[in-house]
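Asks: This is the structure I want to talk about, given as structure tokens.
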Amino acid sequence: MNTLVIGGAGYIGSHCVRQLELAGHTPVVLDNLVFGHRKAVAPHIKFYDGNLGDAALLKEIFEKEKIDLVMHFAAYAYVGESVTDPLKYYDNNFAKVVTLLQAMKDSGVSKFVFSSTCATYGVPEKLPITEDLSQSPINPYGQTKLDVETMLKDCARAHGLSFAAFRYFNAAGAAEDGTIGEAHDPETHLIPLVIDAATGRRGPITIFGTDYPTPDGTCLRDYVHVDDLSRAHIAVFEKLDTPGTALFYNLGTGTPQSVNEVISAVEEVTGLTVPKVIGERRAGDPPALYADSTKAREELGWEIKYTDIRGIVETAWKWHKNHPEGYNS
Ligand code: UFG
């Protein structure tokens with residue numbers, strides 16, 4: 001399948017590009033390199049430096065590369081910033097997707113895979129989270145993702161778009177071969193920050209709250225390996241042949257880990273001590289988020305290779321050891 005991967009130089013997108021190739025597909029990358037890294041995409045892969053909202057460029061790529069399917073990973077994902085600068089998020093994460101879907105429609109490209117998020121559930125009404133729970137995001141980031149989900153459903157009904165929206169839990173880890181990994185600037189995610197605290201590259205990790213109603217008082221999250229996520233995106237291809245197909249899947253391991261447990265896993269894997277301080281709760285953090293991914297397992301045959309947090313941390317550690325400065329290393 002000729003697949004346009006928008007945001008293919010970003011964290012999850014670049015891992016998906018690698019998995020697409022391993023599965024025998026032909027990825028083509030479109031990325032404006034605002035957050036992506038050119039080095040995250042192998043040199044032999046066709047690369048377009050451009051914007052997701054550039055209709056003329058999209059048309060050119062669809063035609064030249066004979067694109068069958070589009071994957072979209074190019075959303076902004078800083079929850080706090082989405083609260084202080086919502087228009088930036090509604091523009092990039094929603095308005096530009098309107099342009100993208102219009103360009104796909106005009107060029108007859110009718111298959112789409114969308115990166116959605118567990119943030120669309122807000123504070124979930126029950127745990128583990130199944131796809132049928134009500135979605136009430138508590139920040140503009142989650143709202144923009146939910147708005148796109150709604151738009152996709154309408155497009156499937158109106159003009160036969162076939163799509164899958166994957167609601168990710170906490171993407172983590174790095175490619176097994178250590179070639180690509182997580183490199184955000186600024187970095188806000190727990191595992192890379194804890195590794196940096198362990199190596200002394202940054203100061204102590206701040207634990208955001210120890211008074212949550214959880215077994216050890218710290219937040220519970222569902223860390224899922226980025227290659228496991230990527231493989232689900234490819235497993236769904238065969239389901240998208242029927243026009244108007246609309247699919248939603250949670251992607252998580254279903255095993256919650258507390259912040260303290262993640263810190264312990266990093267200590268175990270690295271053999272280093274993680275310096276830590278206890279801080280205030282971070283605004284907008286639900287106490288616990290973890291998935292029921294039975295639907296993805298049953299319908300897509302999705303198999304989770306990294307069921308254990310230590311296995312995930314091992315891959316992140318391999319990447320960070322060799323790339324302490326990310327792609328600038
Ligand atoms: N945490 C700390 N200290 C830190 C960083 C994080 O204690 O320095 C805690 C957080 O409070 C949270 C957990 O570690 O309980 C995980 O935090 P992350 O920032 O790594 O991940 P989130 O669960 O906040 O974010 C995830 C995805 C985001 C997505 C968000 C939507 O990783 O991309 O869900 O809710 F935007």
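Residue numbers start at 1 in each chain; chains themselves are named A, B, ... in the order of the structure tokens; ligands are numbered from 1 in the order shown.
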Step by step, measure atom-to-atom distances between ligand 1 and each residue using only C-alpha atoms and all ligand atoms, keep those at most 8 Å, then write them as an MDAnalysis selection string.
Replies: chainID A and resid 77:79 117:119 122 141:142 168:172 188:191 193:194 205:209 218:221 258:259 281:282 285:289
Asks: Could you write those residues out with C-alpha atoms, as an mmCIF file, in the first residue's frame?
Replies:
data_model
loop_
_atom_site.group_PDB
_atom_site.id
_atom_site.type_symbol
_atom_site.label_atom_id
_atom_site.label_comp_id
_atom_site.auth_asym_id
_atom_site.auth_seq_id
_atom_site.Cartn_x
_atom_site.Cartn_y
_atom_site.Cartn_z
ATOM 1 C CA ALA A 77 0.215 17.414 21.675
ATOM 2 C CA TYR A 78 1.152 19.679 24.582
ATOM 3 C CA VAL A 79 -1.918 19.545 26.783
ATOM 4 C CA THR A 117 -6.078 9.744 22.123
ATOM 5 C CA CYS A 118 -7.402 8.535 25.442
ATOM 6 C CA ALA A 119 -7.602 12.263 26.278
ATOM 7 C CA GLY A 122 -11.509 13.154 29.854
ATOM 8 C CA TYR A 141 -6.047 19.085 22.907
ATOM 9 C CA GLY A 142 -8.465 16.235 23.616
ATOM 10 C CA TYR A 168 -3.588 5.852 22.133
ATOM 11 C CA PHE A 169 -2.790 5.579 25.788
ATOM 12 C CA ASN A 170 0.816 6.529 26.732
ATOM 13 C CA ALA A 171 3.085 5.859 23.760
ATOM 14 C CA ALA A 172 6.529 4.926 25.049
ATOM 15 C CA THR A 188 7.289 16.500 28.949
ATOM 16 C CA HIS A 189 6.862 12.719 28.969
ATOM 17 C CA LEU A 190 7.618 10.712 32.056
ATOM 18 C CA ILE A 191 9.946 7.945 30.807
ATOM 19 C CA LEU A 193 12.480 12.619 31.831
ATOM 20 C CA VAL A 194 13.118 9.876 34.389
ATOM 21 C CA ILE A 205 12.296 14.108 38.427
ATOM 22 C CA THR A 206 9.339 15.896 39.999
ATOM 23 C CA ILE A 207 6.530 13.503 40.875
ATOM 24 C CA PHE A 208 3.340 15.411 40.114
ATOM 25 C CA GLY A 209 1.261 14.551 43.157
ATOM 26 C CA THR A 218 0.736 8.641 42.223
ATOM 27 C CA CYS A 219 -1.118 8.659 38.879
ATOM 28 C CA LEU A 220 -1.743 5.445 36.975
ATOM 29 C CA ARG A 221 -1.140 5.354 33.226
ATOM 30 C CA SER A 258 2.068 4.335 38.721
ATOM 31 C CA VAL A 259 4.661 7.097 38.434
ATOM 32 C CA ARG A 281 -0.435 17.807 41.068
ATOM 33 C CA ARG A 282 -0.204 18.887 37.422
ATOM 34 C CA ASP A 285 -4.071 14.989 35.092
ATOM 35 C CA PRO A 286 -6.783 12.356 35.658
ATOM 36 C CA PRO A 287 -5.802 9.963 38.507
ATOM 37 C CA ALA A 288 -5.949 6.842 36.336
ATOM 38 C CA LEU A 289 -6.193 6.048 32.629
#
Asks: Quick one: residues within 12 Å of A:Leu101, only C-alpha atoms, excluding same-chain residues fewer than 5 positions away - as number ranges by chain?
Replies: A: 52-55, 58-59, 69-72, 94-96, 106-114, 148, 151-156, 159-163
Asks: Keeping only N, CA and C atoms, write those residues as an mmCIF file, in the first residue's frame.
Replies:
data_model
loop_
_atom_site.group_PDB
_atom_site.id
_atom_site.type_symbol
_atom_site.label_atom_id
_atom_site.label_comp_id
_atom_site.auth_asym_id
_atom_site.auth_seq_id
_atom_site.Cartn_x
_atom_site.Cartn_y
_atom_site.Cartn_z
ATOM 1 N N LEU A 52 0.649 20.133 6.343
ATOM 2 C CA LEU A 52 -0.558 19.325 6.256
ATOM 3 C C LEU A 52 -1.735 20.109 5.674
ATOM 4 N N GLY A 53 -1.711 21.433 5.820
ATOM 5 C CA GLY A 53 -2.810 22.256 5.308
ATOM 6 C C GLY A 53 -2.533 22.845 3.932
ATOM 7 N N ASP A 54 -1.551 22.313 3.214
ATOM 8 C CA ASP A 54 -1.182 22.837 1.898
ATOM 9 C C ASP A 54 -1.873 21.984 0.819
ATOM 10 N N ALA A 55 -3.047 22.442 0.385
ATOM 11 C CA ALA A 55 -3.884 21.625 -0.511
ATOM 12 C C ALA A 55 -3.174 21.320 -1.835
ATOM 13 N N LEU A 58 -0.590 18.630 -1.257
ATOM 14 C CA LEU A 58 -1.245 17.338 -1.021
ATOM 15 C C LEU A 58 -1.682 16.719 -2.346
ATOM 16 N N LYS A 59 -2.277 17.552 -3.199
ATOM 17 C CA LYS A 59 -2.753 17.053 -4.507
ATOM 18 C C LYS A 59 -1.573 16.498 -5.311
ATOM 19 N N LEU A 69 -3.583 5.453 0.841
ATOM 20 C CA LEU A 69 -4.056 5.626 2.216
ATOM 21 C C LEU A 69 -3.222 6.719 2.902
ATOM 22 N N VAL A 70 -3.879 7.486 3.758
ATOM 23 C CA VAL A 70 -3.182 8.545 4.493
ATOM 24 C C VAL A 70 -3.207 8.227 5.981
ATOM 25 N N MET A 71 -2.045 8.368 6.629
ATOM 26 C CA MET A 71 -1.973 8.299 8.095
ATOM 27 C C MET A 71 -1.603 9.678 8.603
ATOM 28 N N HIS A 72 -2.255 10.113 9.667
ATOM 29 C CA HIS A 72 -2.042 11.482 10.145
ATOM 30 C C HIS A 72 -1.543 11.493 11.586
ATOM 31 N N PHE A 94 -7.376 20.688 14.026
ATOM 32 C CA PHE A 94 -8.710 20.510 13.437
ATOM 33 C C PHE A 94 -8.815 21.146 12.042
ATOM 34 N N ALA A 95 -8.626 22.480 11.959
ATOM 35 C CA ALA A 95 -8.878 23.165 10.679
ATOM 36 C C ALA A 95 -8.027 22.572 9.550
ATOM 37 N N LYS A 96 -6.775 22.282 9.843
ATOM 38 C CA LYS A 96 -5.913 21.745 8.783
ATOM 39 C C LYS A 96 -6.351 20.346 8.348
ATOM 40 N N ASP A 106 -11.017 15.297 -3.107
ATOM 41 C CA ASP A 106 -10.833 15.811 -4.470
ATOM 42 C C ASP A 106 -9.957 14.886 -5.316
ATOM 43 N N SER A 107 -8.991 14.210 -4.648
ATOM 44 C CA SER A 107 -8.073 13.346 -5.401
ATOM 45 C C SER A 107 -8.504 11.881 -5.375
ATOM 46 N N GLY A 108 -9.630 11.595 -4.762
ATOM 47 C CA GLY A 108 -10.130 10.212 -4.742
ATOM 48 C C GLY A 108 -9.353 9.293 -3.810
ATOM 49 N N VAL A 109 -8.692 9.863 -2.780
ATOM 50 C CA VAL A 109 -8.013 9.019 -1.781
ATOM 51 C C VAL A 109 -9.012 8.810 -0.641
ATOM 52 N N SER A 110 -9.389 7.550 -0.386
ATOM 53 C CA SER A 110 -10.546 7.355 0.494
ATOM 54 C C SER A 110 -10.244 6.557 1.762
ATOM 55 N N LYS A 111 -8.955 6.288 2.035
ATOM 56 C CA LYS A 111 -8.639 5.532 3.263
ATOM 57 C C LYS A 111 -7.771 6.381 4.186
ATOM 58 N N PHE A 112 -8.114 6.338 5.476
ATOM 59 C CA PHE A 112 -7.478 7.252 6.421
ATOM 60 C C PHE A 112 -7.270 6.548 7.760
ATOM 61 N N VAL A 113 -6.096 6.762 8.351
ATOM 62 C CA VAL A 113 -5.832 6.251 9.703
ATOM 63 C C VAL A 113 -5.441 7.435 10.572
ATOM 64 N N PHE A 114 -6.146 7.594 11.664
ATOM 65 C CA PHE A 114 -6.026 8.803 12.491
ATOM 66 C C PHE A 114 -5.503 8.484 13.891
ATOM 67 N N VAL A 148 -12.174 15.907 15.406
ATOM 68 C CA VAL A 148 -11.775 15.225 14.163
ATOM 69 C C VAL A 148 -12.483 13.870 14.057
ATOM 70 N N MET A 151 -15.857 14.540 12.757
ATOM 71 C CA MET A 151 -15.808 14.923 11.339
ATOM 72 C C MET A 151 -15.577 13.684 10.464
ATOM 73 N N LEU A 152 -14.736 12.787 10.921
ATOM 74 C CA LEU A 152 -14.456 11.578 10.139
ATOM 75 C C LEU A 152 -15.727 10.741 9.984
ATOM 76 N N LYS A 153 -16.485 10.616 11.078
ATOM 77 C CA LYS A 153 -17.746 9.842 11.002
ATOM 78 C C LYS A 153 -18.681 10.459 9.967
ATOM 79 N N ASP A 154 -18.773 11.788 9.981
ATOM 80 C CA ASP A 154 -19.659 12.471 9.031
ATOM 81 C C ASP A 154 -19.183 12.259 7.592
ATOM 82 N N CYS A 155 -17.856 12.279 7.408
ATOM 83 C CA CYS A 155 -17.313 12.089 6.056
ATOM 84 C C CYS A 155 -17.515 10.647 5.576
ATOM 85 N N ALA A 156 -17.438 9.698 6.515
ATOM 86 C CA ALA A 156 -17.669 8.295 6.143
ATOM 87 C C ALA A 156 -19.107 8.129 5.643
ATOM 88 N N HIS A 159 -19.567 10.668 2.158
ATOM 89 C CA HIS A 159 -18.909 10.364 0.879
ATOM 90 C C HIS A 159 -17.951 9.186 0.913
ATOM 91 N N GLY A 160 -18.250 8.235 1.780
ATOM 92 C CA GLY A 160 -17.580 6.940 1.655
ATOM 93 C C GLY A 160 -16.149 6.881 2.143
ATOM 94 N N LEU A 161 -15.716 7.879 2.922
ATOM 95 C CA LEU A 161 -14.384 7.768 3.530
ATOM 96 C C LEU A 161 -14.352 6.513 4.410
ATOM 97 N N SER A 162 -13.247 5.761 4.344
ATOM 98 C CA SER A 162 -13.073 4.612 5.249
ATOM 99 C C SER A 162 -11.955 4.953 6.200
ATOM 100 N N PHE A 163 -12.207 4.859 7.498
ATOM 101 C CA PHE A 163 -11.151 5.274 8.423
ATOM 102 C C PHE A 163 -11.110 4.428 9.680
#
Asks: Using only C-alpha atoms, find the one residue out of A:Ile138, A:Ile180, A:Ala158, A:Val5 that sits nearest to A:Lys39.
Replies: A:Ile180
Asks: Determine the nearest neighbour of A:Asp222 from the options A:Ser293, A:Asn32, A:Gln135, A:Thr242, counting only C-alpha atoms.
Replies: A:Ser293
Asks: Give me the residues near A:Arg310 as a PyMOL selection string, where near means some atom within 10 Å (using only C-alpha atoms) and where sequence neighbours in that chain fewer than 4 positions away do not count.
Replies: chain A and resi 173+261-262+264-269+306+314-316
Asks: Env of A:Gln19: 7 Å cut, atoms = only C-alpha atoms, seq-sep filter 3 positions within chain, self excluded. Answer as a ChimeraX atom specification.
Replies: /A:15-16,22-23,230-231
Asks: Considering only C-alpha atoms, return as a short mmCIF file (atom, residue, chain, number, x, y, z; two decimals) with N, CA and C atoms, in the first residue's frame whatever protein or nucleic-acid residues lie within 9 Å of A:Pro140, sequence-local ones (same chain, fewer than 2 positions apart) excluded.
Replies:
data_model
loop_
_atom_site.label_atom_id
_atom_site.label_comp_id
_atom_site.auth_asym_id
_atom_site.auth_seq_id
_atom_site.Cartn_x
_atom_site.Cartn_y
_atom_site.Cartn_z
N VAL A 79 -0.61 19.30 26.18
CA VAL A 79 -1.92 19.55 26.78
C VAL A 79 -1.98 20.93 27.43
N SER A 82 -2.28 23.70 25.00
CA SER A 82 -3.60 23.73 24.35
C SER A 82 -4.61 24.52 25.19
N VAL A 83 -4.35 24.59 26.50
CA VAL A 83 -5.24 25.36 27.39
C VAL A 83 -4.93 26.86 27.26
N ASP A 85 -3.22 28.34 24.66
CA ASP A 85 -3.23 28.81 23.27
C ASP A 85 -4.15 27.90 22.43
N PRO A 86 -5.45 27.89 22.76
CA PRO A 86 -6.35 26.93 22.11
C PRO A 86 -6.44 27.09 20.59
N LEU A 87 -6.35 28.34 20.10
CA LEU A 87 -6.53 28.54 18.66
C LEU A 87 -5.45 27.84 17.85
N TYR A 89 -4.22 25.06 18.55
CA TYR A 89 -4.62 23.65 18.49
C TYR A 89 -5.81 23.45 17.57
N TYR A 90 -6.81 24.36 17.66
CA TYR A 90 -7.96 24.21 16.76
C TYR A 90 -7.52 24.40 15.31
N PRO A 137 -13.73 15.45 26.78
CA PRO A 137 -12.35 15.91 27.01
C PRO A 137 -12.31 17.05 28.02
N ILE A 138 -11.19 17.14 28.77
CA ILE A 138 -11.07 18.21 29.77
C ILE A 138 -10.04 19.25 29.33
N GLY A 142 -7.55 17.38 23.74
CA GLY A 142 -8.46 16.24 23.62
C GLY A 142 -9.70 16.59 22.80
N GLN A 143 -10.17 17.83 22.96
CA GLN A 143 -11.37 18.26 22.24
C GLN A 143 -11.11 18.28 20.72
N THR A 144 -9.91 18.77 20.31
CA THR A 144 -9.63 18.82 18.86
C THR A 144 -9.59 17.40 18.28
N LYS A 145 -9.08 16.46 19.05
CA LYS A 145 -9.02 15.07 18.57
C LYS A 145 -10.44 14.50 18.45
#
Asks: Go through A:Ala164, A:Ala40, A:Ala232, A:Ile309 one by one, measure the shortest atom-to-atom distance of each to A:Tyr327 using only C-alpha atoms, and give the residue with the smallest value.
Replies: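 Residue with the minimum atom-to-atom distance to A:Tyr327: A:Ala40.
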Asks: Please identify the helix (DSSP H, G or I) residues within stretch 114-299 of chain A (assignment by DSSP from backbone atoms) and present them as number ranges by chain.
Replies: A: 118-121, 140-159, 190-199, 226-235, 237-240, 259-270, 294-299
Asks: Looking at only C-alpha atoms, which of A:Leu300, A:Phe62, A:Asp227, A:Ile263 is the one that sits closest to A:Lys239?
Replies: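 That would be A:Leu300, the residue with the smallest distance to A:Lys239.
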Asks: Work out how far atom CA of A:Asp216 is from atom CA of A:Thr130, in Å to one decimal.
Replies: 24.4 Å
Asks: Give me the residues near A:Ile61 as a VMD selection string, where near means some atom within 9 Å (using only C-alpha atoms) and where sequence neighbours in that chain fewer than 4 positions away do not count.
Replies: chain A and resid 4 28 30 48 56 to 57 65 to 67
Asks: A:Gly10, A:Gly284, A:Gly244, A:Gly311: which is nearest A:Thr270, counting only C-alpha atoms?
Replies: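 Of A:Gly10, A:Gly284, A:Gly244, A:Gly311, the one nearest A:Thr270, counting only C-alpha atoms, is A:Gly311.
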Asks: For A:Pro215, which residue among A:Trp317, A:Gln257, A:Gly203, A:Glu176 is the nearest when counting only C-alpha atoms?
Replies: A:Gln257
Asks: Atom CA of A:Gly7 to atom CA of A:Gly36: how many Å, to one decimal?
Replies: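 About the pair atom CA of A:Gly7 and atom CA of A:Gly36: they are 6.9 Å apart.
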Asks: Please report the interatomic distance between atom CA of A:Glu60 and atom CA of A:Arg38 in Å with one decimal.
Replies: 20.9 Å
